[in-house]
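What's in input37.pdb: PDB, C-alpha atoms
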MODEL        1
ATOM      1  CA  MET A   1      22.936  12.600   7.698  1.00  0.00           C
ATOM      2  CA  LEU A   2      20.466  10.863   5.445  1.00  0.00           C
ATOM      3  CA  GLN A   3      18.622   7.678   6.360  1.00  0.00           C
ATOM      4  CA  LEU A   4      18.400   5.532   3.218  1.00  0.00           C
ATOM      5  CA  LEU A   5      15.977   2.598   3.074  1.00  0.00           C
ATOM      6  CA  TYR A   6      15.656  -0.171   0.484  1.00  0.00           C
ATOM      7  CA  PHE A   7      12.744  -2.538   0.001  1.00  0.00           C
ATOM      8  CA  ALA A   8      11.880  -5.765  -1.831  1.00  0.00           C
ATOM      9  CA  ARG A   9      14.078  -6.526  -4.861  1.00  0.00           C
ATOM     10  CA  LEU A  10      16.327  -3.521  -4.205  1.00  0.00           C
ATOM     11  CA  ARG A  11      16.898  -4.604  -0.595  1.00  0.00           C
ATOM     12  CA  GLU A  12      18.067  -7.975  -1.884  1.00  0.00           C
ATOM     13  CA  ARG A  13      20.247  -6.598  -4.685  1.00  0.00           C
ATOM     14  CA  PHE A  14      21.919  -4.011  -2.465  1.00  0.00           C
ATOM     15  CA  GLU A  15      22.227  -6.526   0.391  1.00  0.00           C
ATOM     16  CA  ARG A  16      21.005  -4.039   2.951  1.00  0.00           C
ATOM     17  CA  ASP A  17      17.696  -2.649   4.158  1.00  0.00           C
ATOM     18  CA  ALA A  18      19.034   0.653   5.484  1.00  0.00           C
ATOM     19  CA  GLU A  19      22.133   2.793   5.801  1.00  0.00           C
ATOM     20  CA  ARG A  20      23.042   6.215   7.126  1.00  0.00           C
ATOM     21  CA  VAL A  21      25.130   8.446   4.896  1.00  0.00           C
ATOM     22  CA  ALA A  22      26.301  12.032   5.123  1.00  0.00           C
ATOM     23  CA  LEU A  23      24.450  14.259   2.693  1.00  0.00           C
ATOM     24  CA  PRO A  24      26.820  14.157  -0.305  1.00  0.00           C
ATOM     25  CA  ALA A  25      28.236  17.496  -1.420  1.00  0.00           C
ATOM     26  CA  GLY A  26      26.219  18.967  -4.243  1.00  0.00           C
ATOM     27  CA  VAL A  27      23.216  16.676  -3.764  1.00  0.00           C
ATOM     28  CA  ALA A  28      19.987  18.657  -3.441  1.00  0.00           C
ATOM     29  CA  ASP A  29      17.278  16.423  -4.873  1.00  0.00           C
ATOM     30  CA  VAL A  30      16.275  12.829  -5.620  1.00  0.00           C
ATOM     31  CA  ALA A  31      17.921  12.910  -9.056  1.00  0.00           C
ATOM     32  CA  GLY A  32      21.205  14.021  -7.496  1.00  0.00           C
ATOM     33  CA  LEU A  33      21.082  11.426  -4.754  1.00  0.00           C
ATOM     34  CA  THR A  34      20.292   8.663  -7.251  1.00  0.00           C
ATOM     35  CA  ALA A  35      23.204   9.730  -9.461  1.00  0.00           C
ATOM     36  CA  TRP A  36      25.501   9.689  -6.411  1.00  0.00           C
ATOM     37  CA  LEU A  37      24.402   6.135  -5.536  1.00  0.00           C
ATOM     38  CA  ARG A  38      25.053   5.029  -9.141  1.00  0.00           C
ATOM     39  CA  GLU A  39      28.680   6.072  -8.713  1.00  0.00           C
ATOM     40  CA  ARG A  40      29.070   3.041  -6.432  1.00  0.00           C
ATOM     41  CA  GLY A  41      29.070   0.826  -9.532  1.00  0.00           C
ATOM     42  CA  ASP A  42      27.204  -2.470  -9.773  1.00  0.00           C
ATOM     43  CA  PRO A  43      24.576  -3.359  -8.695  1.00  0.00           C
ATOM     44  CA  TRP A  44      23.702   0.283  -7.998  1.00  0.00           C
ATOM     45  CA  VAL A  45      24.407   1.544 -11.502  1.00  0.00           C
ATOM     46  CA  THR A  46      22.257  -1.240 -12.975  1.00  0.00           C
ATOM     47  CA  GLU A  47      19.314  -1.136 -10.576  1.00  0.00           C
ATOM     48  CA  LEU A  48      19.122   2.655 -10.487  1.00  0.00           C
ATOM     49  CA  ALA A  49      19.788   3.210 -14.200  1.00  0.00           C
ATOM     50  CA  PRO A  50      17.506   5.753 -15.874  1.00  0.00           C
ATOM     51  CA  GLY A  51      14.368   4.025 -17.110  1.00  0.00           C
ATOM     52  CA  ARG A  52      14.473   1.258 -14.499  1.00  0.00           C
ATOM     53  CA  PRO A  53      11.212   0.854 -12.563  1.00  0.00           C
ATOM     54  CA  VAL A  54      12.348   2.402  -9.280  1.00  0.00           C
ATOM     55  CA  ARG A  55      10.151   4.492  -6.996  1.00  0.00           C
ATOM     56  CA  VAL A  56      11.451   6.914  -4.375  1.00  0.00           C
ATOM     57  CA  ALA A  57       9.827   8.277  -1.233  1.00  0.00           C
ATOM     58  CA  VAL A  58      11.175  11.212   0.765  1.00  0.00           C
ATOM     59  CA  ASN A  59      10.061  11.317   4.395  1.00  0.00           C
ATOM     60  CA  GLN A  60       7.430   8.677   3.595  1.00  0.00           C
ATOM     61  CA  ASP A  61       5.762  10.595   0.765  1.00  0.00           C
ATOM     62  CA  MET A  62       6.094   9.533  -2.870  1.00  0.00           C
ATOM     63  CA  ALA A  63       8.713  11.658  -4.580  1.00  0.00           C
ATOM     64  CA  ASP A  64       9.994  12.320  -8.094  1.00  0.00           C
ATOM     65  CA  ALA A  65      13.380  13.251  -9.528  1.00  0.00           C
ATOM     66  CA  ALA A  66      12.961  16.915  -8.614  1.00  0.00           C
ATOM     67  CA  THR A  67      11.884  16.379  -4.983  1.00  0.00           C
ATOM     68  CA  PRO A  68      14.365  18.157  -2.676  1.00  0.00           C
ATOM     69  CA  VAL A  69      16.580  16.093  -0.371  1.00  0.00           C
ATOM     70  CA  ALA A  70      18.015  17.736   2.744  1.00  0.00           C
ATOM     71  CA  ASP A  71      20.033  16.753   5.789  1.00  0.00           C
ATOM     72  CA  GLY A  72      17.956  14.634   8.174  1.00  0.00           C
ATOM     73  CA  ASP A  73      15.643  13.235   5.489  1.00  0.00           C
ATOM     74  CA  GLU A  74      14.562   9.614   5.189  1.00  0.00           C
ATOM     75  CA  VAL A  75      14.794   8.510   1.553  1.00  0.00           C
ATOM     76  CA  ALA A  76      13.453   5.124   0.462  1.00  0.00           C
ATOM     77  CA  PHE A  77      14.084   3.316  -2.840  1.00  0.00           C
ATOM     78  CA  PHE A  78      11.787   0.488  -3.957  1.00  0.00           C
ATOM     79  CA  PRO A  79      10.191  -1.217  -6.967  1.00  0.00           C
ATOM     80  CA  PRO A  80       6.655  -0.349  -8.078  1.00  0.00           C
ATOM     81  CA  VAL A  81       4.255  -1.530  -5.392  1.00  0.00           C
ATOM     82  CA  THR A  82       2.335  -4.813  -5.653  1.00  0.00           C
ATOM     83  CA  GLY A  83       0.012  -4.987  -2.656  1.00  0.00           C
ATOM     84  CA  GLY A  84      -3.706  -5.655  -2.547  1.00  0.00           C
TER      85      GLY A  84
ATOM     86  CA  MET B   1     -48.275   5.018  27.710  1.00  0.00           C
ATOM     87  CA  ASN B   2     -46.090   3.049  25.372  1.00  0.00           C
ATOM     88  CA  ASP B   3     -42.574   2.388  26.675  1.00  0.00           C
ATOM     89  CA  ARG B   4     -41.302   1.811  23.161  1.00  0.00           C
ATOM     90  CA  VAL B   5     -40.467   5.348  22.185  1.00  0.00           C
ATOM     91  CA  ALA B   6     -38.605   5.663  18.913  1.00  0.00           C
ATOM     92  CA  GLU B   7     -34.861   5.579  19.488  1.00  0.00           C
ATOM     93  CA  PRO B   8     -33.203   8.667  18.113  1.00  0.00           C
ATOM     94  CA  ALA B   9     -30.801   7.965  15.236  1.00  0.00           C
ATOM     95  CA  VAL B  10     -27.429   7.534  16.846  1.00  0.00           C
ATOM     96  CA  THR B  11     -24.977  10.044  15.579  1.00  0.00           C
ATOM     97  CA  ARG B  12     -21.275   9.567  16.071  1.00  0.00           C
ATOM     98  CA  PRO B  13     -18.054  10.712  14.448  1.00  0.00           C
ATOM     99  CA  THR B  14     -17.127   8.943  11.223  1.00  0.00           C
ATOM    100  CA  ARG B  15     -14.545   6.160  11.488  1.00  0.00           C
ATOM    101  CA  THR B  16     -11.399   5.562   9.482  1.00  0.00           C
ATOM    102  CA  VAL B  17      -9.791   2.250  10.405  1.00  0.00           C
ATOM    103  CA  ILE B  18      -6.337   1.522   8.972  1.00  0.00           C
ATOM    104  CA  ARG B  19      -4.431  -1.562  10.060  1.00  0.00           C
ATOM    105  CA  VAL B  20      -1.437  -3.511   8.798  1.00  0.00           C
ATOM    106  CA  GLN B  21      -1.181  -6.880  10.523  1.00  0.00           C
ATOM    107  CA  THR B  22       0.147 -10.413  10.184  1.00  0.00           C
ATOM    108  CA  ASP B  23      -3.034 -11.916  11.689  1.00  0.00           C
ATOM    109  CA  ASP B  24      -6.068 -12.889   9.653  1.00  0.00           C
ATOM    110  CA  PHE B  25      -9.219 -10.766   9.857  1.00  0.00           C
ATOM    111  CA  ASP B  26     -12.904 -11.641  10.321  1.00  0.00           C
ATOM    112  CA  VAL B  27     -14.866  -9.840   7.590  1.00  0.00           C
ATOM    113  CA  GLY B  28     -18.175 -10.033   9.424  1.00  0.00           C
ATOM    114  CA  ALA B  29     -16.734  -8.780  12.687  1.00  0.00           C
ATOM    115  CA  GLU B  30     -14.938  -5.916  10.948  1.00  0.00           C
ATOM    116  CA  MET B  31     -18.136  -4.904   9.138  1.00  0.00           C
ATOM    117  CA  THR B  32     -20.242  -5.059  12.284  1.00  0.00           C
ATOM    118  CA  ALA B  33     -17.725  -3.010  14.263  1.00  0.00           C
ATOM    119  CA  LEU B  34     -17.285  -0.406  11.521  1.00  0.00           C
ATOM    120  CA  ARG B  35     -20.956   0.430  11.131  1.00  0.00           C
ATOM    121  CA  ALA B  36     -21.941   0.085  14.793  1.00  0.00           C
ATOM    122  CA  GLY B  37     -23.788   3.026  16.271  1.00  0.00           C
ATOM    123  CA  SER B  38     -24.703   4.906  13.115  1.00  0.00           C
ATOM    124  CA  ALA B  39     -28.291   4.930  11.891  1.00  0.00           C
ATOM    125  CA  ALA B  40     -27.206   7.222   9.041  1.00  0.00           C
ATOM    126  CA  ILE B  41     -25.660   4.255   7.228  1.00  0.00           C
ATOM    127  CA  GLY B  42     -27.785   2.705   4.496  1.00  0.00           C
ATOM    128  CA  ALA B  43     -25.087   0.870   2.530  1.00  0.00           C
ATOM    129  CA  VAL B  44     -22.006  -1.184   3.329  1.00  0.00           C
ATOM    130  CA  ALA B  45     -19.732  -2.203   0.439  1.00  0.00           C
ATOM    131  CA  SER B  46     -16.657  -4.352   0.874  1.00  0.00           C
ATOM    132  CA  PHE B  47     -13.833  -5.999  -1.030  1.00  0.00           C
ATOM    133  CA  VAL B  48     -11.665  -8.931   0.054  1.00  0.00           C
ATOM    134  CA  GLY B  49      -8.449  -9.804  -1.811  1.00  0.00           C
ATOM    135  CA  VAL B  50      -7.393 -13.455  -1.538  1.00  0.00           C
ATOM    136  CA  CYS B  51      -4.156 -15.322  -2.242  1.00  0.00           C
ATOM    137  CA  ARG B  52      -4.447 -17.526  -5.380  1.00  0.00           C
ATOM    138  CA  ASP B  53      -2.557 -20.712  -6.226  1.00  0.00           C
ATOM    139  CA  ARG B  54      -1.559 -19.526  -9.716  1.00  0.00           C
ATOM    140  CA  ASN B  55      -0.109 -16.287 -11.066  1.00  0.00           C
ATOM    141  CA  ASP B  56       1.527 -15.367 -14.365  1.00  0.00           C
ATOM    142  CA  GLY B  57       1.532 -18.966 -15.591  1.00  0.00           C
ATOM    143  CA  ALA B  58       3.132 -20.551 -12.520  1.00  0.00           C
ATOM    144  CA  ASP B  59       1.888 -22.500  -9.538  1.00  0.00           C
ATOM    145  CA  VAL B  60       2.134 -20.462  -6.356  1.00  0.00           C
ATOM    146  CA  ALA B  61       2.721 -22.335  -3.101  1.00  0.00           C
ATOM    147  CA  GLY B  62       2.573 -19.146  -1.055  1.00  0.00           C
ATOM    148  CA  MET B  63       3.725 -15.560  -0.840  1.00  0.00           C
ATOM    149  CA  THR B  64       5.393 -13.181   1.556  1.00  0.00           C
ATOM    150  CA  LEU B  65       4.190  -9.603   1.792  1.00  0.00           C
ATOM    151  CA  GLU B  66       6.699  -6.914   2.707  1.00  0.00           C
ATOM    152  CA  HIS B  67       5.833  -3.286   3.478  1.00  0.00           C
ATOM    153  CA  TYR B  68       7.325   0.033   4.523  1.00  0.00           C
ATOM    154  CA  PRO B  69       6.227   0.524   8.147  1.00  0.00           C
ATOM    155  CA  GLY B  70       5.152   4.088   8.759  1.00  0.00           C
ATOM    156  CA  MET B  71       4.756   5.051   5.134  1.00  0.00           C
ATOM    157  CA  THR B  72       2.199   2.302   4.578  1.00  0.00           C
ATOM    158  CA  GLU B  73      -0.193   3.627   7.203  1.00  0.00           C
ATOM    159  CA  ARG B  74       0.430   7.173   5.999  1.00  0.00           C
ATOM    160  CA  ALA B  75      -0.255   6.240   2.364  1.00  0.00           C
ATOM    161  CA  LEU B  76      -3.460   4.400   3.277  1.00  0.00           C
ATOM    162  CA  ALA B  77      -4.666   7.380   5.344  1.00  0.00           C
ATOM    163  CA  LYS B  78      -4.055   9.695   2.384  1.00  0.00           C
ATOM    164  CA  ILE B  79      -5.987   7.374   0.077  1.00  0.00           C
ATOM    165  CA  ALA B  80      -8.892   7.313   2.548  1.00  0.00           C
ATOM    166  CA  ASP B  81      -8.830  11.125   2.748  1.00  0.00           C
ATOM    167  CA  GLU B  82      -8.903  11.328  -1.021  1.00  0.00           C
ATOM    168  CA  ALA B  83     -11.955   9.041  -1.154  1.00  0.00           C
ATOM    169  CA  ARG B  84     -13.728  11.247   1.398  1.00  0.00           C
ATOM    170  CA  GLY B  85     -13.042  14.250  -0.816  1.00  0.00           C
ATOM    171  CA  ARG B  86     -14.694  12.558  -3.780  1.00  0.00           C
ATOM    172  CA  TRP B  87     -17.681  10.743  -2.278  1.00  0.00           C
ATOM    173  CA  ASP B  88     -20.067  11.272   0.576  1.00  0.00           C
ATOM    174  CA  VAL B  89     -18.986   8.240   2.579  1.00  0.00           C
ATOM    175  CA  ILE B  90     -19.377   7.711   6.325  1.00  0.00           C
ATOM    176  CA  ASP B  91     -16.793   5.110   7.422  1.00  0.00           C
ATOM    177  CA  ILE B  92     -13.746   3.539   5.775  1.00  0.00           C
ATOM    178  CA  ALA B  93     -11.770   0.488   6.861  1.00  0.00           C
ATOM    179  CA  MET B  94      -8.597  -0.725   5.164  1.00  0.00           C
ATOM    180  CA  VAL B  95      -6.941  -3.813   6.652  1.00  0.00           C
ATOM    181  CA  HIS B  96      -3.903  -5.340   4.929  1.00  0.00           C
ATOM    182  CA  ARG B  97      -1.940  -8.404   5.972  1.00  0.00           C
ATOM    183  CA  VAL B  98       1.840  -8.746   5.744  1.00  0.00           C
ATOM    184  CA  GLY B  99       4.191 -11.681   6.240  1.00  0.00           C
ATOM    185  CA  PRO B 100       3.774 -15.234   4.922  1.00  0.00           C
ATOM    186  CA  LEU B 101       0.453 -16.139   3.248  1.00  0.00           C
ATOM    187  CA  ARG B 102      -0.801 -19.273   1.528  1.00  0.00           C
ATOM    188  CA  PRO B 103      -3.372 -19.818  -1.235  1.00  0.00           C
ATOM    189  CA  THR B 104      -6.935 -19.220   0.036  1.00  0.00           C
ATOM    190  CA  ASP B 105      -5.648 -16.836   2.742  1.00  0.00           C
ATOM    191  CA  GLN B 106      -7.245 -13.406   2.919  1.00  0.00           C
ATOM    192  CA  ILE B 107      -4.834 -10.577   2.028  1.00  0.00           C
ATOM    193  CA  VAL B 108      -6.723  -7.297   2.131  1.00  0.00           C
ATOM    194  CA  LEU B 109     -10.080  -5.944   3.269  1.00  0.00           C
ATOM    195  CA  VAL B 110     -11.711  -2.646   2.309  1.00  0.00           C
ATOM    196  CA  ILE B 111     -15.090  -1.615   3.729  1.00  0.00           C
ATOM    197  CA  VAL B 112     -16.987   1.596   3.011  1.00  0.00           C
ATOM    198  CA  THR B 113     -20.239   2.712   4.604  1.00  0.00           C
ATOM    199  CA  SER B 114     -22.475   5.439   3.230  1.00  0.00           C
ATOM    200  CA  ALA B 115     -26.110   6.505   3.116  1.00  0.00           C
ATOM    201  CA  HIS B 116     -26.647   5.042  -0.361  1.00  0.00           C
ATOM    202  CA  ARG B 117     -24.997   2.222  -2.301  1.00  0.00           C
ATOM    203  CA  GLY B 118     -23.583   4.230  -5.203  1.00  0.00           C
ATOM    204  CA  GLU B 119     -21.118   6.102  -3.029  1.00  0.00           C
ATOM    205  CA  ALA B 120     -20.055   2.975  -1.150  1.00  0.00           C
ATOM    206  CA  PHE B 121     -19.477   0.905  -4.303  1.00  0.00           C
ATOM    207  CA  ALA B 122     -17.525   3.640  -6.077  1.00  0.00           C
ATOM    208  CA  ALA B 123     -15.380   4.562  -3.074  1.00  0.00           C
ATOM    209  CA  CYS B 124     -14.582   0.902  -2.360  1.00  0.00           C
ATOM    210  CA  GLU B 125     -13.344   0.327  -5.917  1.00  0.00           C
ATOM    211  CA  PHE B 126     -11.367   3.573  -5.851  1.00  0.00           C
ATOM    212  CA  LEU B 127      -9.716   2.659  -2.532  1.00  0.00           C
ATOM    213  CA  MET B 128      -8.584  -0.711  -3.894  1.00  0.00           C
ATOM    214  CA  ASP B 129      -7.310   0.772  -7.167  1.00  0.00           C
ATOM    215  CA  TYR B 130      -5.292   3.390  -5.288  1.00  0.00           C
ATOM    216  CA  LEU B 131      -4.084   0.943  -2.641  1.00  0.00           C
ATOM    217  CA  LYS B 132      -2.695  -1.315  -5.360  1.00  0.00           C
ATOM    218  CA  THR B 133      -0.715   1.468  -7.008  1.00  0.00           C
ATOM    219  CA  ARG B 134       0.224   3.773  -4.102  1.00  0.00           C
ATOM    220  CA  ALA B 135       0.574   1.855  -0.858  1.00  0.00           C
ATOM    221  CA  PRO B 136       4.101   0.452  -0.293  1.00  0.00           C
ATOM    222  CA  PHE B 137       3.505  -3.302  -0.223  1.00  0.00           C
ATOM    223  CA  TRP B 138       5.489  -5.891  -2.222  1.00  0.00           C
ATOM    224  CA  LYS B 139       4.644  -9.538  -2.880  1.00  0.00           C
ATOM    225  CA  GLN B 140       7.220 -12.271  -3.259  1.00  0.00           C
ATOM    226  CA  GLU B 141       5.823 -15.584  -4.524  1.00  0.00           C
ATOM    227  CA  ALA B 142       7.121 -19.105  -3.999  1.00  0.00           C
ATOM    228  CA  THR B 143       6.895 -21.008  -7.311  1.00  0.00           C
ATOM    229  CA  PRO B 144       8.388 -24.365  -8.421  1.00  0.00           C
ATOM    230  CA  ASP B 145      11.289 -22.338  -9.908  1.00  0.00           C
ATOM    231  CA  GLY B 146      11.981 -20.559  -6.614  1.00  0.00           C
ATOM    232  CA  LEU B 147      11.118 -17.190  -5.121  1.00  0.00           C
ATOM    233  CA  ARG B 148      10.172 -14.323  -7.407  1.00  0.00           C
ATOM    234  CA  TRP B 149       9.064 -10.757  -6.805  1.00  0.00           C
ATOM    235  CA  VAL B 150       5.682 -10.010  -8.344  1.00  0.00           C
ATOM    236  CA  ASP B 151       5.891  -7.390 -11.090  1.00  0.00           C
ATOM    237  CA  ALA B 152       3.571  -4.410 -10.983  1.00  0.00           C
ATOM    238  CA  ARG B 153       0.813  -4.728 -13.572  1.00  0.00           C
ATOM    239  CA  THR B 154       0.111  -2.063 -16.151  1.00  0.00           C
ATOM    240  CA  SER B 155      -3.582  -3.031 -15.792  1.00  0.00           C
ATOM    241  CA  ASP B 156      -3.431  -1.833 -12.173  1.00  0.00           C
ATOM    242  CA  ASP B 157      -1.971   1.494 -13.292  1.00  0.00           C
ATOM    243  CA  ALA B 158      -4.731   1.769 -15.889  1.00  0.00           C
ATOM    244  CA  ALA B 159      -7.369   1.016 -13.246  1.00  0.00           C
ATOM    245  CA  ALA B 160      -6.038   3.750 -10.968  1.00  0.00           C
ATOM    246  CA  GLU B 161      -5.729   6.155 -13.886  1.00  0.00           C
ATOM    247  CA  ARG B 162      -9.506   5.954 -14.517  1.00  0.00           C
ATOM    248  CA  TRP B 163     -10.143   7.988 -11.358  1.00  0.00           C
ATOM    249  CA  ARG B 164      -8.051  10.986 -12.383  1.00  0.00           C
TER     250      ARG B 164
ENDMDL
END

Give the structure from the file, written as structure tokens.
Amino acid sequence: MLQLLYFARLRERFERDAERVALPAGVADVAGLTAWLRERGDPWVTELAPGRPVRVAVNQDMADAATPVADGDEVAFFPPVTGG
Amino acid sequence: MNDRVAEPAVTRPTRTVIRVQTDDFDVGAEMTALRAGSAAIGAVASFVGVCRDRNDGADVAGMTLEHYPGMTERALAKIADEARGRWDVIDIAMVHRVGPLRPTDQIVLVIVTSAHRGEAFAACEFLMDYLKTRAPFWKQEATPDGLRWVDARTSDDAAAERWR
């Protein structure tokens, strides 16, 4: 299973702050997981479209498209941060 | 014989204080607590971020700060470690508020102690620049047109980029 988390604007657009999903077949990295989420259609395909300002963290460390994703991981999707 | 022998300089482990809280903080109390017990400290630099009543051309009645519990503390600890790798600092404190805030409220506090001011000033600015671009906090503002998520600023990215 994967624990998926959503924050700020993405939490609102996806109407959820977390969900548990089985690791999709063939998904091995952040790029693959993002593409799998886009298959859900709108708003996923819009918010997670290539070029949109979305950041991803895997197990609470900032990740990029090539970061591996494995069973048991916590993967968070959020907009660029605006603290301080 | 004089009773007033010179006190030896107190040595103690360095401190790294990282807190995310809804409550306000007392800058003076935080500073006093952070540097207590170390006679090696010759400089204390600090930064306080405050909620304004205007942003991006709109009146702001207040804001709500959201964060990613767990990752936030982890990200701040990594930023503090990075500062220690770059400058000879003694103590670091990073306190960030979350939840509802109103104009004039304090948002964030960074304090750095060191032997000399140059290290403390530089590390304090670095910590804020990295906090703004790497720690998972998000601001939502209340404006006359409703709630809006604050967009990340390219100027903040540029500020963080200077330290590369």

Dump as a Markdown table the rows for residues of chain B within 6 Å of chain A: closest atom pair and distance in Å with one decimal, all atoms listed in the file counted, ordered by chain and rising residue number.
| residue | atom | partner | partner_atom | distance |
| --- | --- | --- | --- | --- |
| B:Met71 | CA | A:Gln60 | CA | 4.8 |
| B:Val108 | CA | A:Gly84 | CA | 5.8 |
| B:Lys132 | CA | A:Gly84 | CA | 5.3 |
| B:Pro136 | CA | A:Val81 | CA | 5.5 |
| B:Phe137 | CA | A:Gly83 | CA | 4.6 |
| B:Trp138 | CA | A:Thr82 | CA | 4.8 |
| B:Lys139 | CA | A:Thr82 | CA | 5.9 |
| B:Ala152 | CA | A:Thr82 | CA | 5.5 |

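Among the candidate residues A:Leu37, A:Ala31, A:Phe14, A:Phe77, the one lying nearest to A:Asp64 is A:Ala31, with distances computed using all atoms listed in the file.
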
Handout entry: Point-to-point distance from atom CA of B:Cys51 to atom CA of B:Ile107, Å rounded to tenths
Key = 6.4 Å

Exercise for the section: Using the chain letters and numbers from the file, give me the residues hit by the PyMOL selection byres ((chain A and resi 49) around 12), as a ChimeraX atom specification. Expected result: /A:31,34-39,41-48,50-54

Practice task
Would you work out the distance separating atom CA of B:Pro100 from atom CA of B:Thr72, expressed in Å to one decimal?
Solution key: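 Pair atom CA of B:Pro100 / atom CA of B:Thr72 returns 17.6 Å.
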
Just want the 12 Å neighbourhood of B:Ala40, counted on all atoms listed in the file, with same-chain residues fewer than 6 positions away dropped. Output as a PDB file with C-alpha atoms, in the frame of the given file.
ATOM      1  CA  PRO B   8     -33.203   8.667  18.113  1.00  0.00           C
ATOM      2  CA  ALA B   9     -30.801   7.965  15.236  1.00  0.00           C
ATOM      3  CA  VAL B  10     -27.429   7.534  16.846  1.00  0.00           C
ATOM      4  CA  THR B  11     -24.977  10.044  15.579  1.00  0.00           C
ATOM      5  CA  ARG B  12     -21.275   9.567  16.071  1.00  0.00           C
ATOM      6  CA  PRO B  13     -18.054  10.712  14.448  1.00  0.00           C
ATOM      7  CA  THR B  14     -17.127   8.943  11.223  1.00  0.00           C
ATOM      8  CA  ASP B  88     -20.067  11.272   0.576  1.00  0.00           C
ATOM      9  CA  VAL B  89     -18.986   8.240   2.579  1.00  0.00           C
ATOM     10  CA  ILE B  90     -19.377   7.711   6.325  1.00  0.00           C
ATOM     11  CA  ASP B  91     -16.793   5.110   7.422  1.00  0.00           C
ATOM     12  CA  THR B 113     -20.239   2.712   4.604  1.00  0.00           C
ATOM     13  CA  SER B 114     -22.475   5.439   3.230  1.00  0.00           C
ATOM     14  CA  ALA B 115     -26.110   6.505   3.116  1.00  0.00           C
ATOM     15  CA  HIS B 116     -26.647   5.042  -0.361  1.00  0.00           C
TER      16      HIS B 116
END

Taking all atoms listed in the file into account, produce a table as a Markdown table in which each residue of stretch 92-128 of chain B with an atom at most 12 Å from an atom of stretch 53-59 of chain B appears once, together with its shortest atom pair and the distance in Å to one decimal, ordered by chain and rising number.
| residue | atom | partner | partner_atom | distance |
| --- | --- | --- | --- | --- |
| B:Leu101 | CA | B:Asp53 | CA | 10.9 |
| B:Arg102 | CA | B:Asp53 | CA | 8.1 |
| B:Pro103 | CA | B:Asp53 | CA | 5.1 |
| B:Thr104 | CA | B:Asp53 | CA | 7.8 |
| B:Asp105 | CA | B:Asp53 | CA | 10.2 |

How would the residues just chosen look if you wrote them out with C-alpha atoms as a JSON list (two decimals), in the frame of the given file?
[["chain", "number", "residue", "atom", "x", "y", "z"],
["B", 101, "LEU", "CA", 0.45, -16.14, 3.25],
["B", 102, "ARG", "CA", -0.80, -19.27, 1.53],
["B", 103, "PRO", "CA", -3.37, -19.82, -1.24],
["B", 104, "THR", "CA", -6.94, -19.22, 0.04],
["B", 105, "ASP", "CA", -5.65, -16.84, 2.74]]

Problem - Polymer residues at most 7 Å from (22.8, 5.9, 5.4) by all atoms listed in the file, as a ChimeraX atom specification - result: /A:2-4,18-21

Practice task
Fewer than 6 positions away in the same chain doesn't count, so skip those; otherwise give me all residues within 10 Å of B:Ile79, counting all atoms listed in the file, as a list in words.
Solution key: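 So the residues in contact are Glu73, Gly85, Met94, Phe126, Leu127, Met128, Asp129, Tyr130, Leu131, Arg134 and Ala135 of chain B.
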
Determine, counting all atoms listed in the file, which protein, DNA and RNA residues have an atom within 8 Å of an atom of B:Ala160; residues of the same chain fewer than 2 positions away are not included. Present the result as an mmCIF file with C-alpha atoms, in the frame of the given file.
data_model
loop_
_atom_site.group_PDB
_atom_site.id
_atom_site.type_symbol
_atom_site.label_atom_id
_atom_site.label_comp_id
_atom_site.auth_asym_id
_atom_site.auth_seq_id
_atom_site.Cartn_x
_atom_site.Cartn_y
_atom_site.Cartn_z
ATOM 1 C CA PHE B 126 -11.367 3.573 -5.851
ATOM 2 C CA ASP B 129 -7.310 0.772 -7.167
ATOM 3 C CA TYR B 130 -5.292 3.390 -5.288
ATOM 4 C CA THR B 133 -0.715 1.468 -7.008
ATOM 5 C CA ASP B 156 -3.431 -1.833 -12.173
ATOM 6 C CA ASP B 157 -1.971 1.494 -13.292
ATOM 7 C CA ALA B 158 -4.731 1.769 -15.889
ATOM 8 C CA ARG B 162 -9.506 5.954 -14.517
ATOM 9 C CA TRP B 163 -10.143 7.988 -11.358
ATOM 10 C CA ARG B 164 -8.051 10.986 -12.383
#

Expected residue set, 12 Å radius at (-6.9, -7.2, 4.6), all atoms listed in the file, as a compact mmCIF listing (two decimals) with C-alpha atoms, in the coordinates of the input:
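Contents of the output file out_37.txt:
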# COMPACT_ATOMS: atom_id res chain seq x y z
CA GLY A 83 0.01 -4.99 -2.66
CA GLY A 84 -3.71 -5.66 -2.55
CA VAL B 17 -9.79 2.25 10.40
CA ILE B 18 -6.34 1.52 8.97
CA ARG B 19 -4.43 -1.56 10.06
CA VAL B 20 -1.44 -3.51 8.80
CA GLN B 21 -1.18 -6.88 10.52
CA THR B 22 0.15 -10.41 10.18
CA ASP B 23 -3.03 -11.92 11.69
CA ASP B 24 -6.07 -12.89 9.65
CA PHE B 25 -9.22 -10.77 9.86
CA ASP B 26 -12.90 -11.64 10.32
CA VAL B 27 -14.87 -9.84 7.59
CA GLU B 30 -14.94 -5.92 10.95
CA SER B 46 -16.66 -4.35 0.87
CA PHE B 47 -13.83 -6.00 -1.03
CA VAL B 48 -11.66 -8.93 0.05
CA GLY B 49 -8.45 -9.80 -1.81
CA VAL B 50 -7.39 -13.46 -1.54
CA CYS B 51 -4.16 -15.32 -2.24
CA LEU B 65 4.19 -9.60 1.79
CA ALA B 93 -11.77 0.49 6.86
CA MET B 94 -8.60 -0.72 5.16
CA VAL B 95 -6.94 -3.81 6.65
CA HIS B 96 -3.90 -5.34 4.93
CA ARG B 97 -1.94 -8.40 5.97
CA VAL B 98 1.84 -8.75 5.74
CA LEU B 101 0.45 -16.14 3.25
CA ASP B 105 -5.65 -16.84 2.74
CA GLN B 106 -7.24 -13.41 2.92
CA ILE B 107 -4.83 -10.58 2.03
CA VAL B 108 -6.72 -7.30 2.13
CA LEU B 109 -10.08 -5.94 3.27
CA VAL B 110 -11.71 -2.65 2.31
CA ILE B 111 -15.09 -1.62 3.73
CA MET B 128 -8.58 -0.71 -3.89
CA LEU B 131 -4.08 0.94 -2.64
